[in-house]
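Trainee: Got entry39.tsv for you, TSV, N, CA and C atoms:
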chain	number	residue	atom	x	y	z
S	1	MET	N	128.56	-61.58	-84.90
S	1	MET	CA	128.76	-61.90	-86.30
S	1	MET	C	128.49	-60.68	-87.19
S	2	ARG	N	127.45	-59.92	-86.83
S	2	ARG	CA	127.12	-58.73	-87.61
S	2	ARG	C	128.25	-57.70	-87.54
S	3	ALA	N	128.84	-57.55	-86.37
S	3	ALA	CA	129.94	-56.59	-86.22
S	3	ALA	C	131.13	-57.00	-87.08
S	4	PHE	N	131.39	-58.29	-87.14
S	4	PHE	CA	132.50	-58.76	-87.99
S	4	PHE	C	132.23	-58.48	-89.46
S	5	LEU	N	131.03	-58.73	-89.91
S	5	LEU	CA	130.68	-58.49	-91.32
S	5	LEU	C	130.77	-57.01	-91.67
S	6	ILE	N	130.31	-56.16	-90.78
S	6	ILE	CA	130.41	-54.72	-91.03
S	6	ILE	C	131.85	-54.26	-91.03
S	7	ALA	N	132.68	-54.84	-90.17
S	7	ALA	CA	134.10	-54.47	-90.13
S	7	ALA	C	134.86	-55.00	-91.34
S	8	ALA	N	134.48	-56.16	-91.85
S	8	ALA	CA	135.19	-56.76	-92.99
S	8	ALA	C	134.70	-56.26	-94.34
S	9	LEU	N	133.51	-55.69	-94.41
S	9	LEU	CA	132.94	-55.26	-95.68
S	9	LEU	C	133.81	-54.29	-96.46
S	10	PRO	N	134.36	-53.23	-95.86
S	10	PRO	CA	135.21	-52.32	-96.64
S	10	PRO	C	136.46	-52.99	-97.20
S	11	TRP	N	137.04	-53.91	-96.44
S	11	TRP	CA	138.24	-54.60	-96.91
S	11	TRP	C	137.92	-55.50	-98.10
S	12	VAL	N	136.81	-56.20	-98.02
S	12	VAL	CA	136.41	-57.09	-99.12
S	12	VAL	C	136.07	-56.27	-100.36
S	13	LEU	N	135.32	-55.20	-100.19
S	13	LEU	CA	134.97	-54.35	-101.33
S	13	LEU	C	136.20	-53.71	-101.96
S	14	SER	N	137.14	-53.29	-101.14
S	14	SER	CA	138.37	-52.70	-101.66
S	14	SER	C	139.19	-53.71	-102.44
S	15	GLY	N	139.29	-54.92	-101.93
S	15	GLY	CA	140.03	-55.97	-102.63
S	15	GLY	C	139.43	-56.32	-103.97
S	16	ILE	N	138.11	-56.42	-104.02
S	16	ILE	CA	137.45	-56.73	-105.29
S	16	ILE	C	137.63	-55.59	-106.28
S	17	ALA	N	137.50	-54.35	-105.81
S	17	ALA	CA	137.66	-53.19	-106.70
S	17	ALA	C	139.07	-53.11	-107.26
S	18	ILE	N	140.07	-53.35	-106.43
S	18	ILE	CA	141.46	-53.31	-106.90
S	18	ILE	C	141.72	-54.43	-107.91
S	19	ALA	N	141.14	-55.59	-107.68
S	19	ALA	CA	141.30	-56.69	-108.63
S	19	ALA	C	140.68	-56.35	-109.98
S	20	ILE	N	139.51	-55.72	-109.97
S	20	ILE	CA	138.86	-55.32	-111.23
S	20	ILE	C	139.70	-54.29	-111.96
S	21	ILE	N	140.21	-53.31	-111.23
S	21	ILE	CA	141.02	-52.26	-111.85
S	21	ILE	C	142.29	-52.85	-112.46
S	22	CYS	N	142.97	-53.70	-111.73
S	22	CYS	CA	144.21	-54.30	-112.25
S	22	CYS	C	143.95	-55.19	-113.45
S	23	ALA	N	142.85	-55.92	-113.44
S	23	ALA	CA	142.57	-56.83	-114.55
S	23	ALA	C	142.23	-56.09	-115.84
S	24	ASN	N	141.59	-54.94	-115.72
S	24	ASN	CA	141.14	-54.22	-116.91
S	24	ASN	C	142.07	-53.09	-117.34
S	25	LEU	N	143.02	-52.73	-116.53
S	25	LEU	CA	143.84	-51.55	-116.84
S	25	LEU	C	144.67	-51.73	-118.10
S	26	LYS	N	145.31	-52.85	-118.26
S	26	LYS	CA	146.20	-53.05	-119.41
S	26	LYS	C	145.43	-53.03	-120.72
S	27	SER	N	144.31	-53.72	-120.78
S	27	SER	CA	143.56	-53.76	-122.04
S	27	SER	C	142.99	-52.39	-122.38
S	28	MET	N	142.56	-51.62	-121.39
S	28	MET	CA	142.03	-50.30	-121.66
S	28	MET	C	143.12	-49.32	-122.07
S	29	GLU	N	144.31	-49.45	-121.52
S	29	GLU	CA	145.40	-48.56	-121.90
S	29	GLU	C	145.76	-48.77	-123.37
S	30	VAL	N	145.79	-50.00	-123.81
S	30	VAL	CA	146.14	-50.28	-125.20
S	30	VAL	C	145.08	-49.71	-126.14
S	31	LYS	N	143.80	-49.83	-125.78
S	31	LYS	CA	142.72	-49.35	-126.63
S	31	LYS	C	142.68	-47.82	-126.67
S	32	ASN	N	143.00	-47.16	-125.57
S	32	ASN	CA	142.79	-45.72	-125.47
S	32	ASN	C	144.05	-44.90	-125.71
S	33	LYS	N	145.14	-45.51	-126.03
S	33	LYS	CA	146.37	-44.76	-126.21
S	33	LYS	C	146.31	-43.95	-127.50
S	34	SER	N	146.56	-42.69	-127.39
S	34	SER	CA	146.53	-41.82	-128.56
S	34	SER	C	147.91	-41.76	-129.21
S	35	GLU	N	148.00	-40.98	-130.28
S	35	GLU	CA	149.25	-40.92	-131.03
S	35	GLU	C	150.39	-40.32	-130.22
S	36	ASN	N	150.08	-39.36	-129.36
S	36	ASN	CA	151.15	-38.70	-128.61
S	36	ASN	C	151.54	-39.43	-127.34
S	37	GLY	N	150.97	-40.58	-127.10
S	37	GLY	CA	151.38	-41.39	-125.96
S	37	GLY	C	150.63	-41.10	-124.68
S	38	SER	N	149.62	-40.24	-124.70
S	38	SER	CA	148.88	-39.95	-123.48
S	38	SER	C	147.62	-40.81	-123.41
S	39	TYR	N	147.06	-40.86	-122.25
S	39	TYR	CA	145.85	-41.66	-122.01
S	39	TYR	C	144.72	-40.74	-121.60
S	40	GLU	N	144.44	-39.73	-122.41
S	40	GLU	CA	143.48	-38.70	-122.04
S	40	GLU	C	142.08	-39.27	-121.85
S	41	LYS	N	141.64	-40.12	-122.76
S	41	LYS	CA	140.28	-40.66	-122.66
S	41	LYS	C	140.14	-41.55	-121.44
S	42	LEU	N	141.15	-42.34	-121.15
S	42	LEU	CA	141.11	-43.20	-119.97
S	42	LEU	C	141.14	-42.36	-118.71
S	43	ASP	N	141.91	-41.28	-118.70
S	43	ASP	CA	141.96	-40.40	-117.54
S	43	ASP	C	140.60	-39.77	-117.25
S	44	VAL	N	139.94	-39.32	-118.30
S	44	VAL	CA	138.62	-38.70	-118.13
S	44	VAL	C	137.62	-39.73	-117.65
S	45	GLN	N	137.68	-40.92	-118.19
S	45	GLN	CA	136.76	-41.98	-117.79
S	45	GLN	C	136.95	-42.34	-116.32
S	46	ILE	N	138.18	-42.45	-115.88
S	46	ILE	CA	138.45	-42.78	-114.48
S	46	ILE	C	138.02	-41.64	-113.57
S	47	ALA	N	138.26	-40.40	-113.99
S	47	ALA	CA	137.86	-39.25	-113.17
S	47	ALA	C	136.35	-39.18	-113.00
S	48	ILE	N	135.61	-39.43	-114.06
S	48	ILE	CA	134.14	-39.44	-113.97
S	48	ILE	C	133.67	-40.58	-113.07
S	49	GLY	N	134.31	-41.74	-113.19
S	49	GLY	CA	133.97	-42.85	-112.32
S	49	GLY	C	134.23	-42.54	-110.86
S	50	MET	N	135.35	-41.86	-110.58
S	50	MET	CA	135.65	-41.48	-109.21
S	50	MET	C	134.61	-40.49	-108.67
S	51	LEU	N	134.18	-39.58	-109.53
S	51	LEU	CA	133.17	-38.60	-109.11
S	51	LEU	C	131.87	-39.30	-108.72
S	52	PHE	N	131.38	-40.17	-109.58
S	52	PHE	CA	130.14	-40.87	-109.27
S	52	PHE	C	130.31	-41.80	-108.07
S	53	GLY	N	131.49	-42.40	-107.94
S	53	GLY	CA	131.75	-43.25	-106.77
S	53	GLY	C	131.77	-42.46	-105.48
S	54	LEU	N	132.33	-41.26	-105.52
S	54	LEU	CA	132.34	-40.42	-104.33
S	54	LEU	C	130.93	-40.02	-103.92
S	55	VAL	N	130.10	-39.69	-104.91
S	55	VAL	CA	128.71	-39.36	-104.62
S	55	VAL	C	128.00	-40.57	-104.02
S	56	LEU	N	128.25	-41.75	-104.57
S	56	LEU	CA	127.63	-42.97	-104.04
S	56	LEU	C	128.11	-43.26	-102.62
S	57	GLY	N	129.41	-43.07	-102.39
S	57	GLY	CA	129.94	-43.28	-101.04
S	57	GLY	C	129.33	-42.34	-100.01
S	58	VAL	N	129.14	-41.09	-100.39
S	58	VAL	CA	128.50	-40.13	-99.49
S	58	VAL	C	127.04	-40.51	-99.24
S	59	MET	N	126.37	-40.99	-100.30
S	59	MET	CA	124.97	-41.41	-100.12
S	59	MET	C	124.88	-42.60	-99.18
S	60	LEU	N	125.81	-43.55	-99.31
S	60	LEU	CA	125.78	-44.71	-98.40
S	60	LEU	C	126.11	-44.29	-96.98
S	61	ASN	N	126.97	-43.28	-96.81
S	61	ASN	CA	127.24	-42.76	-95.48
S	61	ASN	C	125.98	-42.15	-94.88
S	62	ALA	N	125.23	-41.42	-95.70
S	62	ALA	CA	124.01	-40.78	-95.21
S	62	ALA	C	122.95	-41.82	-94.84
S	63	CYS	N	122.98	-42.97	-95.50
S	63	CYS	CA	122.03	-44.04	-95.17
S	63	CYS	C	122.40	-44.77	-93.89
S	64	GLY	N	123.62	-44.55	-93.41
S	64	GLY	CA	124.05	-45.19	-92.17
S	64	GLY	C	124.64	-46.57	-92.36
S	65	LEU	N	125.18	-46.85	-93.53
S	65	LEU	CA	125.77	-48.17	-93.78
S	65	LEU	C	127.02	-48.38	-92.93
S	66	TRP	N	127.84	-47.34	-92.82
S	66	TRP	CA	129.07	-47.45	-92.02
S	66	TRP	C	129.02	-46.45	-90.88
S	67	SER	N	129.62	-46.84	-89.77
S	67	SER	CA	129.67	-45.93	-88.63
S	67	SER	C	130.76	-44.88	-88.82
S	68	ASN	N	131.78	-45.19	-89.59
S	68	ASN	CA	132.87	-44.26	-89.85
S	68	ASN	C	132.66	-43.62	-91.22
S	69	GLN	N	132.57	-42.31	-91.26
S	69	GLN	CA	132.31	-41.60	-92.52
S	69	GLN	C	133.46	-41.72	-93.51
S	70	ALA	N	134.67	-41.92	-93.03
S	70	ALA	CA	135.84	-41.99	-93.91
S	70	ALA	C	135.79	-43.22	-94.81
S	71	ILE	N	135.11	-44.26	-94.40
S	71	ILE	CA	135.03	-45.47	-95.22
S	71	ILE	C	134.29	-45.18	-96.52
S	72	GLY	N	133.21	-44.45	-96.45
S	72	GLY	CA	132.46	-44.10	-97.65
S	72	GLY	C	133.26	-43.22	-98.59
S	73	PHE	N	134.05	-42.30	-98.01
S	73	PHE	CA	134.88	-41.42	-98.83
S	73	PHE	C	136.03	-42.18	-99.49
S	74	ALA	N	136.48	-43.26	-98.88
S	74	ALA	CA	137.60	-44.02	-99.44
S	74	ALA	C	137.14	-45.10	-100.41
S	75	VAL	N	136.11	-45.83	-100.05
S	75	VAL	CA	135.65	-46.95	-100.86
S	75	VAL	C	134.84	-46.48	-102.07
S	76	GLY	N	134.13	-45.37	-101.94
S	76	GLY	CA	133.30	-44.86	-103.03
S	76	GLY	C	134.08	-44.57	-104.31
S	77	PRO	N	135.11	-43.71	-104.25
S	77	PRO	CA	135.88	-43.46	-105.47
S	77	PRO	C	136.59	-44.69	-106.02
S	78	LEU	N	137.02	-45.57	-105.14
S	78	LEU	CA	137.68	-46.79	-105.60
S	78	LEU	C	136.72	-47.64	-106.41
S	79	TRP	N	135.50	-47.79	-105.93
S	79	TRP	CA	134.51	-48.55	-106.67
S	79	TRP	C	134.07	-47.82	-107.93
S	80	GLY	N	134.06	-46.50	-107.88
S	80	GLY	CA	133.75	-45.73	-109.08
S	80	GLY	C	134.77	-45.97	-110.18
S	81	MET	N	136.04	-46.02	-109.80
S	81	MET	CA	137.09	-46.33	-110.78
S	81	MET	C	136.91	-47.73	-111.34
S	82	ALA	N	136.59	-48.69	-110.48
S	82	ALA	CA	136.41	-50.07	-110.94
S	82	ALA	C	135.24	-50.18	-111.91
S	83	ILE	N	134.15	-49.50	-111.62
S	83	ILE	CA	132.99	-49.54	-112.51
S	83	ILE	C	133.31	-48.85	-113.83
S	84	ALA	N	134.06	-47.75	-113.76
S	84	ALA	CA	134.45	-47.06	-115.00
S	84	ALA	C	135.33	-47.95	-115.87
S	85	MET	N	136.12	-48.81	-115.27
S	85	MET	CA	136.95	-49.73	-116.05
S	85	MET	C	136.11	-50.81	-116.72
S	86	LEU	N	135.02	-51.21	-116.09
S	86	LEU	CA	134.19	-52.27	-116.66
S	86	LEU	C	133.35	-51.80	-117.83
S	87	PHE	N	132.91	-50.55	-117.80
S	87	PHE	CA	132.05	-50.03	-118.85
S	87	PHE	C	132.80	-49.00	-119.66
S	88	PRO	N	133.27	-49.38	-120.84
S	88	PRO	CA	134.08	-48.44	-121.62
S	88	PRO	C	133.29	-47.25	-122.13
S	89	GLY	N	132.00	-47.37	-122.36
S	89	GLY	CA	131.18	-46.25	-122.80
S	89	GLY	C	131.49	-45.85	-124.23
S	90	LYS	N	130.77	-44.87	-124.71
S	90	LYS	CA	130.98	-44.36	-126.05
S	90	LYS	C	131.97	-43.21	-126.00
S	91	ARG	N	132.91	-43.25	-126.88
S	91	ARG	CA	133.90	-42.18	-126.96
S	91	ARG	C	133.80	-41.52	-128.31
S	92	GLU	N	133.72	-40.22	-128.30
S	92	GLU	CA	133.65	-39.49	-129.55
S	92	GLU	C	135.07	-39.19	-130.04
S	93	GLU	N	135.27	-39.43	-131.28
S	93	GLU	CA	136.56	-39.10	-131.89
S	93	GLU	C	136.56	-37.63	-132.27
S	94	ASN	N	137.73	-37.02	-132.22
S	94	ASN	CA	137.85	-35.62	-132.63
S	94	ASN	C	137.79	-35.55	-134.14
S	95	HIS	N	136.77	-34.86	-134.64
S	95	HIS	CA	136.61	-34.69	-136.08
S	95	HIS	C	136.93	-33.25	-136.44
S	96	GLU	N	137.78	-33.09	-137.41
S	96	GLU	CA	138.10	-31.75	-137.87
S	96	GLU	C	137.26	-31.43	-139.09
S	97	ASP	N	136.51	-30.35	-139.00
S	97	ASP	CA	135.64	-29.96	-140.11
S	97	ASP	C	136.33	-28.96	-141.01
Before we go any further, please render this structure as structure tokens.
Mentor:
Amino acid sequence: MRAFLIAALPWVLSGIAIAIICANLKSMEVKNKSENGSYEKLDVQIAIGMLFGLVLGVMLNACGLWSNQAIGFAVGPLWGMAIAMLFPGKREENHED
């Protein structure tokens, strides 16, 4: 039973992360769209989330959660993107002085 849970864990985590990303993507795109049609703030937010997710995935690999190191490298950034979508954070507007 333990082997099954360890084998199914990455698939379940990936499915939940993809569902979170898909559910929040449209509303965040509308909020973050600038005048020129780019999504710069959303891109930066997702990139930072991927960075922290990759670090978390490597840390979980070092703890021995998965026997395959590639799982941490794949699931970490995906979950980082999902978490970045959930927390919009503070965004500074460009002020011209």
Trainee: Find the residues near segment 76-84 of chain S: any atom within 9 Å, counting only C-alpha atoms, skip ones fewer than 3 places away on the same chain, and give them as a PDB file with N, CA and C atoms, keeping the file's coordinate frame.
Mentor:
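Once everything was written out, this is selection.pdb:
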ATOM      1  N   LEU S  13     135.320 -55.200-100.190  1.00  0.00           N
ATOM      2  CA  LEU S  13     134.970 -54.350-101.330  1.00  0.00           C
ATOM      3  C   LEU S  13     136.200 -53.710-101.960  1.00  0.00           C
ATOM      4  N   SER S  14     137.140 -53.290-101.140  1.00  0.00           N
ATOM      5  CA  SER S  14     138.370 -52.700-101.660  1.00  0.00           C
ATOM      6  C   SER S  14     139.190 -53.710-102.440  1.00  0.00           C
ATOM      7  N   ILE S  16     138.110 -56.420-104.020  1.00  0.00           N
ATOM      8  CA  ILE S  16     137.450 -56.730-105.290  1.00  0.00           C
ATOM      9  C   ILE S  16     137.630 -55.590-106.280  1.00  0.00           C
ATOM     10  N   ALA S  17     137.500 -54.350-105.810  1.00  0.00           N
ATOM     11  CA  ALA S  17     137.660 -53.190-106.700  1.00  0.00           C
ATOM     12  C   ALA S  17     139.070 -53.110-107.260  1.00  0.00           C
ATOM     13  N   ILE S  18     140.070 -53.350-106.430  1.00  0.00           N
ATOM     14  CA  ILE S  18     141.460 -53.310-106.900  1.00  0.00           C
ATOM     15  C   ILE S  18     141.720 -54.430-107.910  1.00  0.00           C
ATOM     16  N   ALA S  19     141.140 -55.590-107.680  1.00  0.00           N
ATOM     17  CA  ALA S  19     141.300 -56.690-108.630  1.00  0.00           C
ATOM     18  C   ALA S  19     140.680 -56.350-109.980  1.00  0.00           C
ATOM     19  N   ILE S  20     139.510 -55.720-109.970  1.00  0.00           N
ATOM     20  CA  ILE S  20     138.860 -55.320-111.230  1.00  0.00           C
ATOM     21  C   ILE S  20     139.700 -54.290-111.960  1.00  0.00           C
ATOM     22  N   ILE S  21     140.210 -53.310-111.230  1.00  0.00           N
ATOM     23  CA  ILE S  21     141.020 -52.260-111.850  1.00  0.00           C
ATOM     24  C   ILE S  21     142.290 -52.850-112.460  1.00  0.00           C
ATOM     25  N   CYS S  22     142.970 -53.700-111.730  1.00  0.00           N
ATOM     26  CA  CYS S  22     144.210 -54.300-112.250  1.00  0.00           C
ATOM     27  C   CYS S  22     143.950 -55.190-113.450  1.00  0.00           C
ATOM     28  N   ASN S  24     141.590 -54.940-115.720  1.00  0.00           N
ATOM     29  CA  ASN S  24     141.140 -54.220-116.910  1.00  0.00           C
ATOM     30  C   ASN S  24     142.070 -53.090-117.340  1.00  0.00           C
ATOM     31  N   GLN S  45     137.680 -40.920-118.190  1.00  0.00           N
ATOM     32  CA  GLN S  45     136.760 -41.980-117.790  1.00  0.00           C
ATOM     33  C   GLN S  45     136.950 -42.340-116.320  1.00  0.00           C
ATOM     34  N   ILE S  46     138.180 -42.450-115.880  1.00  0.00           N
ATOM     35  CA  ILE S  46     138.450 -42.780-114.480  1.00  0.00           C
ATOM     36  C   ILE S  46     138.020 -41.640-113.570  1.00  0.00           C
ATOM     37  N   ALA S  47     138.260 -40.400-113.990  1.00  0.00           N
ATOM     38  CA  ALA S  47     137.860 -39.250-113.170  1.00  0.00           C
ATOM     39  C   ALA S  47     136.350 -39.180-113.000  1.00  0.00           C
ATOM     40  N   ILE S  48     135.610 -39.430-114.060  1.00  0.00           N
ATOM     41  CA  ILE S  48     134.140 -39.440-113.970  1.00  0.00           C
ATOM     42  C   ILE S  48     133.670 -40.580-113.070  1.00  0.00           C
ATOM     43  N   GLY S  49     134.310 -41.740-113.190  1.00  0.00           N
ATOM     44  CA  GLY S  49     133.970 -42.850-112.320  1.00  0.00           C
ATOM     45  C   GLY S  49     134.230 -42.540-110.860  1.00  0.00           C
ATOM     46  N   MET S  50     135.350 -41.860-110.580  1.00  0.00           N
ATOM     47  CA  MET S  50     135.650 -41.480-109.210  1.00  0.00           C
ATOM     48  C   MET S  50     134.610 -40.490-108.670  1.00  0.00           C
ATOM     49  N   LEU S  51     134.180 -39.580-109.530  1.00  0.00           N
ATOM     50  CA  LEU S  51     133.170 -38.600-109.110  1.00  0.00           C
ATOM     51  C   LEU S  51     131.870 -39.300-108.720  1.00  0.00           C
ATOM     52  N   PHE S  52     131.380 -40.170-109.580  1.00  0.00           N
ATOM     53  CA  PHE S  52     130.140 -40.870-109.270  1.00  0.00           C
ATOM     54  C   PHE S  52     130.310 -41.800-108.070  1.00  0.00           C
ATOM     55  N   GLY S  53     131.490 -42.400-107.940  1.00  0.00           N
ATOM     56  CA  GLY S  53     131.750 -43.250-106.770  1.00  0.00           C
ATOM     57  C   GLY S  53     131.770 -42.460-105.480  1.00  0.00           C
ATOM     58  N   LEU S  54     132.330 -41.260-105.520  1.00  0.00           N
ATOM     59  CA  LEU S  54     132.340 -40.420-104.330  1.00  0.00           C
ATOM     60  C   LEU S  54     130.930 -40.020-103.920  1.00  0.00           C
ATOM     61  N   VAL S  55     130.100 -39.690-104.910  1.00  0.00           N
ATOM     62  CA  VAL S  55     128.710 -39.360-104.620  1.00  0.00           C
ATOM     63  C   VAL S  55     128.000 -40.570-104.020  1.00  0.00           C
ATOM     64  N   LEU S  56     128.250 -41.750-104.570  1.00  0.00           N
ATOM     65  CA  LEU S  56     127.630 -42.970-104.040  1.00  0.00           C
ATOM     66  C   LEU S  56     128.110 -43.260-102.620  1.00  0.00           C
ATOM     67  N   GLY S  57     129.410 -43.070-102.390  1.00  0.00           N
ATOM     68  CA  GLY S  57     129.940 -43.280-101.040  1.00  0.00           C
ATOM     69  C   GLY S  57     129.330 -42.340-100.010  1.00  0.00           C
ATOM     70  N   VAL S  58     129.140 -41.090-100.390  1.00  0.00           N
ATOM     71  CA  VAL S  58     128.500 -40.130 -99.490  1.00  0.00           C
ATOM     72  C   VAL S  58     127.040 -40.510 -99.240  1.00  0.00           C
ATOM     73  N   LEU S  60     125.810 -43.550 -99.310  1.00  0.00           N
ATOM     74  CA  LEU S  60     125.780 -44.710 -98.400  1.00  0.00           C
ATOM     75  C   LEU S  60     126.110 -44.290 -96.980  1.00  0.00           C
ATOM     76  N   ILE S  71     135.110 -44.260 -94.400  1.00  0.00           N
ATOM     77  CA  ILE S  71     135.030 -45.470 -95.220  1.00  0.00           C
ATOM     78  C   ILE S  71     134.290 -45.180 -96.520  1.00  0.00           C
ATOM     79  N   GLY S  72     133.210 -44.450 -96.450  1.00  0.00           N
ATOM     80  CA  GLY S  72     132.460 -44.100 -97.650  1.00  0.00           C
ATOM     81  C   GLY S  72     133.260 -43.220 -98.590  1.00  0.00           C
ATOM     82  N   PHE S  73     134.050 -42.300 -98.010  1.00  0.00           N
ATOM     83  CA  PHE S  73     134.880 -41.420 -98.830  1.00  0.00           C
ATOM     84  C   PHE S  73     136.030 -42.180 -99.490  1.00  0.00           C
ATOM     85  N   PHE S  87     132.910 -50.550-117.800  1.00  0.00           N
ATOM     86  CA  PHE S  87     132.050 -50.030-118.850  1.00  0.00           C
ATOM     87  C   PHE S  87     132.800 -49.000-119.660  1.00  0.00           C
ATOM     88  N   PRO S  88     133.270 -49.380-120.840  1.00  0.00           N
ATOM     89  CA  PRO S  88     134.080 -48.440-121.620  1.00  0.00           C
ATOM     90  C   PRO S  88     133.290 -47.250-122.130  1.00  0.00           C
ATOM     91  N   GLY S  89     132.000 -47.370-122.360  1.00  0.00           N
ATOM     92  CA  GLY S  89     131.180 -46.250-122.800  1.00  0.00           C
ATOM     93  C   GLY S  89     131.490 -45.850-124.230  1.00  0.00           C
TER      94      GLY S  89
END
Trainee: Quote the spacing between atom C of Ile6 of chain S and atom CA of Gly64 of chain S in Å to one decimal place.
Mentor: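 About the pair atom C of Ile6 of chain S and atom CA of Gly64 of chain S: they are 12.0 Å apart.
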Trainee: Please indicate the distance in Å from atom C of Pro10 of chain S to atom C of Lys41 of chain S, rounded to one decimal place.
Mentor: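 Separating atom C of Pro10 of chain S from atom C of Lys41 of chain S is a distance of 27.1 Å.
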Trainee: What does the distance from atom CA of Gln69 of chain S to atom CA of Val12 of chain S come to in Å, to one decimal?
Mentor: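 Computing it gives 17.3 Å between the two atoms.
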